[in-house]
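This report refers to the structure that appears directly beneath it.
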Amino acid sequence: MKPGFFIERPVLSTVLSLLIVIIGIIGLVLLPIEQYPQITPPVVKIGASYPGANATTVSQAVATPIEQELNGTPGMIYMESGSSNSGGLSITVTFDVNTNADLAAVEIQNRVKLAESRLPAEVLQSGITVEKQAPGQLLTIALTSDDPKYDEIYLSNYATINILDVIRRIPGVGRVSNVGSRYYGMQIWVYPDRLASFGLTIKDLQDALKDQNRESAAGELGKQPIVNVDVAMPITAQGRLSTVSQFEDIVVRANNDGSFIRMRDVARVSLEASSYSTESGLNGKYATMLSIYMLPGANAMEVAEEVKEAMVQIKQDFPEGLDYLIPFDMTEYIGESIHEVYKTLFEALALVIIVVFLSLQNWRASIIPIVAVPISLIGTFGFMLAMGFSLNMLTLLGLVLSIGIVVDDAIVVVENVERIMAEKKIGAREATHLAMNQLAGALIATSLVLAAVFVPVSFLDGITGSLYRQFSVTIVVSVLISAVVALTLSPAMCALILRPEEEGKKKNVVFRKINNWLATGNSKYANILMKVISNPRRVLAGFGMVMVFIFVLNKVVPTSFIPQEDQGYFTVELEMPEGTTLERMRTVTDRAIGYVDSLEDVEYVQNVTGSSPRVGTNQGRTTLTVILKSWKERKKGVDEVMRDVQKEFYNYPEIRSFVSRPPVIPGLGSAGGVEMKLQARSDAQWDDLVAAADTFMYYAEKSKLISNVSSSLQSEIPQLYFDVDRDQAMLLGVPMSDIFSTMKAYLGSVYVNDFNMFNRIYKVYIQADQSYRATANDINLFFVKTKTGDMVPLTALGKTSYTTGPGNITRFNMYTSASMQVTPSAGHSSGQVMNEIQRIAKEHLPDNIGVTWSGLSFQEQKASGQTGVVLGLVFLFVFLFLAAFIIAKSNCTNF
C-alpha cells in the first residue's frame, strides 16, 4: 500500500478511526473495574473438625493423612495447615497464579477423598469442606439492634435465613461469611450424675437420638402393580423432630414396670447457638457481621452497588428495631484510587494539548494531534476488553504514560508537512504526499521499537508477569493504534486542514520568545552533538560509568515488591495469656474498643472476639478491624493512627497487641509486612522449634530494620493430662473407646444428627451442662459401664495431672513450623528486612531449622533476579528491530 493511500481517501480514514473509537467506547463500558489485575494466586481451603481433640491429636490423626495426599498436587506452590485445641483443622493450598482455580478445587477434592479412609469416623461425620478462597473482601454488612429481645443468636440466624442467601445470588458475589456466627443448634445439656444414677451412659443417649430423631419413609398404599384399588395414597409418619418439647419426650429407656426415662429426666434441652467460641460486634455493641467476597474478574463497583440495592429491598421486611450498616466498603478505596489516576490522566492530556499548541503555534496544526491522541487512548479500551484486562491502577497508569508517547506520531507528521510547505512553497495535499513518503517507514519503525521496549515485561514469570503484563500491553496497544492513526487519519487531516503560512506574517510575542528558546536550545544541542561525535572514546567511557552507577544504585536502593498504601483501615490483634476464657477476653476487648472508637479519625471498630487470623479460634484472642473516616475528613494518615493505638495498648499490662496494615494486594497474605515460616526440618523436634522461634524473635526485636515481630506459635499452654490405667480398664471390661468417647461428649460436645426448622437443617449436640465441666474435679461425675453392668467413675480408671503443651500446631509444606509476621521499621523496605531475616537465621539458628516465605514475601523472593533478564531482552529486541529496518531501508541483503 502506498504511503499516500489514505490522503486521497479521507472518508475511509475517518471511518477507520471512528470504528476504533466505537470499539474503545464499548470496551470502556464493559470493562470491569478493580484495584489490581487478577494476580492473586488461587487458594483452596480444606476445613475439618475433630470434636474434643487437642492440637496434637488433630495434627497427627487428621492433618497428616490429608497432607500426604495433597502433597504434589499439580500447580501447588505451598500448603499450610493449622490444628487447634478446639479440634479444628484448616488447610490452605496455594497454587501458581496461572492455575485454573476450578480445576485446582476439583483436584483437591479428589485427593481429600483418597485420605478419608484413614480419618477418624467423627471427622467424617462432621464433614470435610473444600472450597475456593475469594481473593479479598469487598464489603461488610453489620446487622444491629437496640431492642434487647433481638439478641446475638436471633440476629445471627436472621441474617443467615433472610439476608445471606439473597446476597449469594447476586452476580459477581463469590462468598458470604457470617463472622462470629451463632447458628441454631439443639443442645442436649446432660446431667452426668443423674444419667449414672439410672445406669445409663452417653452411648444410650446417642442411640436414643439416632433411633427416634430420623427421617421416615413409610411407603404408599395402592402402589403398582395392584388390581381392584381405585385410590393411591402415600403414608406419612413423624420423622425428624423439630421442637424442644419433642426432644425432651425422647424415651431413653423403657423400664420393666412400664415407666419411662425420658431425655428431660437426664438432660436439659434448649434451642440456642450451636457454638459460643466467637462473637462479633461493631463499636462495642453486638452485631452480626456478613463479610462479602467478590468473584475473580467481577466488576467491584457494580457488585457493591447491587449488594447495596439488595439491602435496601431486604430492609423493607425487617422487624421493627432491626437495622443494618455497611462499615467496610473496599470500593471507596478503589474508587478514590481510580479517581486519582483519572485525574492524572486528564491533567496529562491537558498539559500535552497546551504544549502541542505552544510548539506548533497554529490552531489548524494543533487540532490534528489533539484529535489523534484521544483516538489512540479510547481505542485501547476495546483491545483491553478483548484480551481480558480490566480498568485498574496499572492499566490506567499505562495510559497516562502512553499519552506522552502517542502524541509524537501525529506531531511528527504535522511538523514535516508544515516544513515541506514552507520550504517548497507547495500546497498541503502535495506536501502531505511528500511527507508520508519520507515518514511512513520511520513511523512504523519507531512504533515497533517502542513496543519492543515494553513487550519483554510480559515475559516475566509468576505474579510479577501477571502484575505488569496489563501495564506493558496497554502501552504497546496504544502505541500501535497511534501508528495506525498517524498513517491514516493524520495525513488525511493534514491535507484537508493545513494551509501554507503567509510570508512575512509576524508571530505574537509569546511565540517569538518560545522560538528563540528553541533555536538557542537546538544550537547548543548541535554543538554538543558535534563534540560527542568527534570523541567516541570519551562517550563510551562515560556510558560505561553510567552503567556502573546504575548497577551500584540497583544494589544500594532498598527493594520492595509493592509499596504500602493508606487503604483506610488496619487491624489490631489482642492476645491474652493462654487459658484465658472468652469472658475475660471480652472485658479487655470492650476497654480497647472504647479507646479506639474515641479517636477523632476512627469511624467504625469491628471486633471478632475469640478468634485470630494467625492462630484461628482461641478464647484468648481478639481481632479488631479499625475503619477510618474518608481521606478528606480525617487529619491523620493511617500510620499516625496506628502509632497512637500501639502506644495506648502498650500500657495494657494483661495483653500483647499487634497492629498491622492489610496486605497491599487483597488475598496475598493476612497482613502487610514480611511473612515467613521457621520450619523444623531433619531431626528437629517441637522443643527445637520453640527455642529457635524465641531466639529469632530476640534478635529480630534488636534489629534497627524491624519495628515489630509477632509469632503464632503457642508453645506451652496449660493442659490437664488424663493418664488412663489401661490394665484396670481391661480388668473391668471397659473399652478404651468408651472412656474417650465419654470424655469427648461431656467436655467437647458431640454432633449426633440433624433436625429441621425454618426450611433448613440444623445440628443436634450432646454436652455436659455448664456446672459439670468447670474444674478437674467434675471428671468424678463421669461414669462408664463395666462388662458386668456396673457404673464406674472415670477417676477410677485414670489419674489427672497438670501439664503444658502446644495450643496450636502449624505445618508448612508438611514441616512443623512457626509463622512470623515481621514489620519493617520506618524508612526500610521489605527487601531489606528479608535480607536481615536471612542474616539472623544464618548466624543464630541451628542448621535443622529452615526459613521460608509465604504470601507476598514468597512472590517477592520468587520475582527477584528477573530485572537483568528483562533488560537484556529489551536491548536485544530494540537492536533486532533497528537492524531490520536499517537493512530494509538501505536495500542491503547482509551486514
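Following the order of the C-alpha cells, chains are lettered A, B, ..., residues in each are numbered from 1, and ligands are numbered from 1.
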(request) List the neighbours of segment 289-299 of chain A out to 6 Å using only C-alpha atoms; skip same-chain residues closer than 2 positions along the sequence, and give me the result as a PyMOL selection string. (result) chain A and resi 32-33+134+137-142+172-179+301-302
(request) Identify all residues of segment 274-384 of chain A in alpha helix (DSSP H) (DSSP on the backbone) and supply them as a PyMOL selection string. (result) chain A and resi 300-315+330-360+363-384
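Take atom CA of Val473 of chain A and atom CA of Leu394 of chain A: the distance between them is 10.5 Å.
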(message) Using DSSP secondary structure from the backbone, list all strand (DSSP E or B) positions within segment 461-654 of chain A, as a PyMOL selection string.
(response) chain A and resi 569-575+602-612+616-628
(message) Taking 6 positions as the minimum chain separation for residues in the same chain, which residues sit within 8 Å of segment 238-241 of chain A when counting only C-alpha atoms? Answer as a VMD selection string.
(response) chain A and resid 212 to 216 247 754 to 756
(request) Tell me, as a PyMOL selection string, which residues lie within 10 Å of Thr14 of chain A, counting only C-alpha atoms; anything in the same chain fewer than 4 positions away does not count. (result) chain A and resi 6+9-10+18-20+485+488-490+492-493
Using the selection just defined, write its residues with C-alpha atoms as a short mmCIF file (atom, residue, chain, number, x, y, z; two decimals), in the first residue's frame.
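Saved to result-v9.cif:
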```cif
data_model
loop_
_atom_site.label_atom_id
_atom_site.label_comp_id
_atom_site.auth_asym_id
_atom_site.auth_seq_id
_atom_site.Cartn_x
_atom_site.Cartn_y
_atom_site.Cartn_z
CA PHE A 6 -5.35 7.46 2.83
CA ARG A 9 -9.47 8.71 0.87
CA PRO A 10 -10.30 10.88 3.89
CA LEU A 18 -14.48 6.06 14.17
CA LEU A 19 -14.51 2.26 14.31
CA ILE A 20 -11.52 2.36 16.65
CA VAL A 485 -3.84 6.80 13.20
CA THR A 488 -4.35 7.07 8.14
CA LEU A 489 -6.23 9.93 9.79
CA SER A 490 -3.37 12.35 10.49
CA ALA A 492 -5.82 12.98 5.65
CA MET A 493 -6.45 15.79 8.15
#
```
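Proximity to Ser682 of chain A at 10 Å, evaluated using only C-alpha atoms and with sequence-adjacent residues fewer than 6 positions away removed, yields Tyr815, Asp847, Asn848, Ile849 and Gly850 of chain A.
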How would the residues just picked look written out with all heavy atoms as a PDB file, in the first residue's frame?
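Contents of out-v9.pdb, as written:
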```pdb
ATOM      1  N   TYR A 815       6.129 -29.670  57.127  1.00  0.00           N
ATOM      2  CA  TYR A 815       7.042 -29.487  58.246  1.00  0.00           C
ATOM      3  C   TYR A 815       6.323 -28.705  59.363  1.00  0.00           C
ATOM      4  O   TYR A 815       5.623 -27.728  59.091  1.00  0.00           O
ATOM      5  CB  TYR A 815       8.290 -28.695  57.840  1.00  0.00           C
ATOM      6  CG  TYR A 815       9.226 -29.419  56.899  1.00  0.00           C
ATOM      7  CD1 TYR A 815       9.328 -29.034  55.560  1.00  0.00           C
ATOM      8  CD2 TYR A 815      10.021 -30.463  57.349  1.00  0.00           C
ATOM      9  CE1 TYR A 815      10.192 -29.683  54.700  1.00  0.00           C
ATOM     10  CE2 TYR A 815      10.890 -31.117  56.482  1.00  0.00           C
ATOM     11  CZ  TYR A 815      10.971 -30.721  55.164  1.00  0.00           C
ATOM     12  OH  TYR A 815      11.830 -31.373  54.309  1.00  0.00           O
ATOM     13  N   ASP A 847      21.180 -25.543  62.096  1.00  0.00           N
ATOM     14  CA  ASP A 847      21.050 -25.963  60.696  1.00  0.00           C
ATOM     15  C   ASP A 847      19.748 -26.704  60.422  1.00  0.00           C
ATOM     16  O   ASP A 847      19.280 -26.738  59.267  1.00  0.00           O
ATOM     17  CB  ASP A 847      22.236 -26.859  60.306  1.00  0.00           C
ATOM     18  CG  ASP A 847      23.556 -26.101  60.343  1.00  0.00           C
ATOM     19  OD1 ASP A 847      23.518 -24.855  60.205  1.00  0.00           O
ATOM     20  OD2 ASP A 847      24.614 -26.746  60.516  1.00  0.00           O
ATOM     21  N   ASN A 848      19.158 -27.325  61.448  1.00  0.00           N
ATOM     22  CA  ASN A 848      17.938 -28.098  61.209  1.00  0.00           C
ATOM     23  C   ASN A 848      16.669 -27.247  61.296  1.00  0.00           C
ATOM     24  O   ASN A 848      15.565 -27.770  61.304  1.00  0.00           O
ATOM     25  CB  ASN A 848      17.836 -29.289  62.168  1.00  0.00           C
ATOM     26  CG  ASN A 848      17.892 -28.869  63.632  1.00  0.00           C
ATOM     27  OD1 ASN A 848      17.967 -27.682  63.955  1.00  0.00           O
ATOM     28  ND2 ASN A 848      17.871 -29.847  64.523  1.00  0.00           N
ATOM     29  N   ILE A 849      16.834 -25.941  61.394  1.00  0.00           N
ATOM     30  CA  ILE A 849      15.698 -25.006  61.352  1.00  0.00           C
ATOM     31  C   ILE A 849      15.797 -24.212  60.058  1.00  0.00           C
ATOM     32  O   ILE A 849      16.772 -23.494  59.824  1.00  0.00           O
ATOM     33  CB  ILE A 849      15.693 -24.049  62.559  1.00  0.00           C
ATOM     34  CG1 ILE A 849      15.577 -24.832  63.870  1.00  0.00           C
ATOM     35  CG2 ILE A 849      14.544 -23.052  62.432  1.00  0.00           C
ATOM     36  CD1 ILE A 849      14.278 -25.607  64.039  1.00  0.00           C
ATOM     37  N   GLY A 850      14.790 -24.365  59.214  1.00  0.00           N
ATOM     38  CA  GLY A 850      14.797 -23.685  57.926  1.00  0.00           C
ATOM     39  C   GLY A 850      13.941 -22.430  57.933  1.00  0.00           C
ATOM     40  O   GLY A 850      13.060 -22.261  58.768  1.00  0.00           O
TER      41      GLY A 850
END
```
(request) Fewer than 4 positions away in the same chain doesn't count, so skip those; otherwise give me all residues within 12 Å of Asp102 of chain A, counting only C-alpha atoms, as JSON, numbers by chain. (result) {"A": [42, 43, 44, 95, 98, 106, 107, 108, 109, 130, 131, 132, 133, 296]}
(request) Excluding Thr344 of chain A and residues on its chain fewer than 2 positions from it, collect all residues at most 12 Å away from it, counting only C-alpha atoms, and give them as a list of chain:residue names. (result)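 The residues satisfying every condition are A:Ser337, A:Ile338, A:His339, A:Glu340, A:Val341, A:Tyr342, A:Phe346, A:Glu347, A:Ala348, A:Leu349, A:Ala350, A:Leu351, A:Met393, A:Leu396, A:Leu397, A:Gly398, A:Leu399, A:Val400, A:Leu401, A:Ile403.
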Now that the selection is made, can you save its residues with N, CA, C and O atoms as a compact mmCIF listing (two decimals), in the first residue's frame?
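For reference, part02.txt as written:
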```txt
# COMPACT_ATOMS: atom_id res chain seq x y z
N SER A 337 -8.75 5.62 44.46
CA SER A 337 -7.51 5.36 43.73
C SER A 337 -7.71 5.57 42.23
O SER A 337 -6.90 6.23 41.56
N ILE A 338 -8.81 5.00 41.68
CA ILE A 338 -9.09 5.16 40.26
C ILE A 338 -9.34 6.62 39.92
O ILE A 338 -8.91 7.12 38.87
N HIS A 339 -10.03 7.33 40.81
CA HIS A 339 -10.30 8.76 40.58
C HIS A 339 -9.00 9.55 40.46
O HIS A 339 -8.87 10.43 39.58
N GLU A 340 -8.03 9.25 41.33
CA GLU A 340 -6.76 9.96 41.27
C GLU A 340 -6.02 9.68 39.96
O GLU A 340 -5.39 10.58 39.39
N VAL A 341 -6.12 8.43 39.47
CA VAL A 341 -5.45 8.10 38.21
C VAL A 341 -6.16 8.80 37.05
O VAL A 341 -5.53 9.32 36.13
N TYR A 342 -7.51 8.79 37.08
CA TYR A 342 -8.26 9.51 36.05
C TYR A 342 -7.88 10.99 36.04
O TYR A 342 -7.71 11.61 34.98
N PHE A 346 -6.30 13.04 32.82
CA PHE A 346 -6.83 14.25 32.17
C PHE A 346 -5.86 15.43 32.33
O PHE A 346 -5.75 16.28 31.42
N GLU A 347 -5.17 15.49 33.44
CA GLU A 347 -4.17 16.55 33.61
C GLU A 347 -3.05 16.39 32.59
O GLU A 347 -2.59 17.37 31.99
N ALA A 348 -2.60 15.15 32.40
CA ALA A 348 -1.54 14.90 31.41
C ALA A 348 -2.03 15.23 30.01
O ALA A 348 -1.28 15.81 29.19
N LEU A 349 -3.28 14.87 29.70
CA LEU A 349 -3.84 15.16 28.38
C LEU A 349 -3.93 16.67 28.15
O LEU A 349 -3.57 17.17 27.08
N ALA A 350 -4.39 17.40 29.17
CA ALA A 350 -4.48 18.86 29.05
C ALA A 350 -3.10 19.49 28.87
O ALA A 350 -2.92 20.42 28.06
N LEU A 351 -2.14 18.97 29.62
CA LEU A 351 -0.78 19.50 29.52
C LEU A 351 -0.20 19.26 28.12
O LEU A 351 0.46 20.14 27.54
N MET A 393 -5.45 0.07 38.44
CA MET A 393 -4.39 1.06 38.66
C MET A 393 -3.31 0.96 37.58
O MET A 393 -2.81 1.98 37.09
N LEU A 396 -4.53 1.96 33.84
CA LEU A 396 -4.72 3.40 33.73
C LEU A 396 -3.40 4.16 33.80
O LEU A 396 -3.20 5.16 33.10
N LEU A 397 -2.48 3.68 34.65
CA LEU A 397 -1.15 4.31 34.69
C LEU A 397 -0.42 4.10 33.37
O LEU A 397 0.34 4.98 32.92
N GLY A 398 -0.65 2.95 32.73
CA GLY A 398 -0.09 2.71 31.41
C GLY A 398 -0.60 3.73 30.39
O GLY A 398 0.16 4.24 29.55
N LEU A 399 -1.89 4.06 30.48
CA LEU A 399 -2.45 5.06 29.58
C LEU A 399 -1.87 6.45 29.85
O LEU A 399 -1.63 7.23 28.93
N VAL A 400 -1.66 6.75 31.14
CA VAL A 400 -1.05 8.04 31.49
C VAL A 400 0.33 8.16 30.85
O VAL A 400 0.68 9.18 30.26
N LEU A 401 1.11 7.11 30.96
CA LEU A 401 2.46 7.13 30.40
C LEU A 401 2.42 7.19 28.87
O LEU A 401 3.26 7.85 28.25
N ILE A 403 0.37 8.70 26.94
CA ILE A 403 -0.04 9.99 26.36
C ILE A 403 1.16 10.71 25.76
O ILE A 403 1.10 11.24 24.64
```
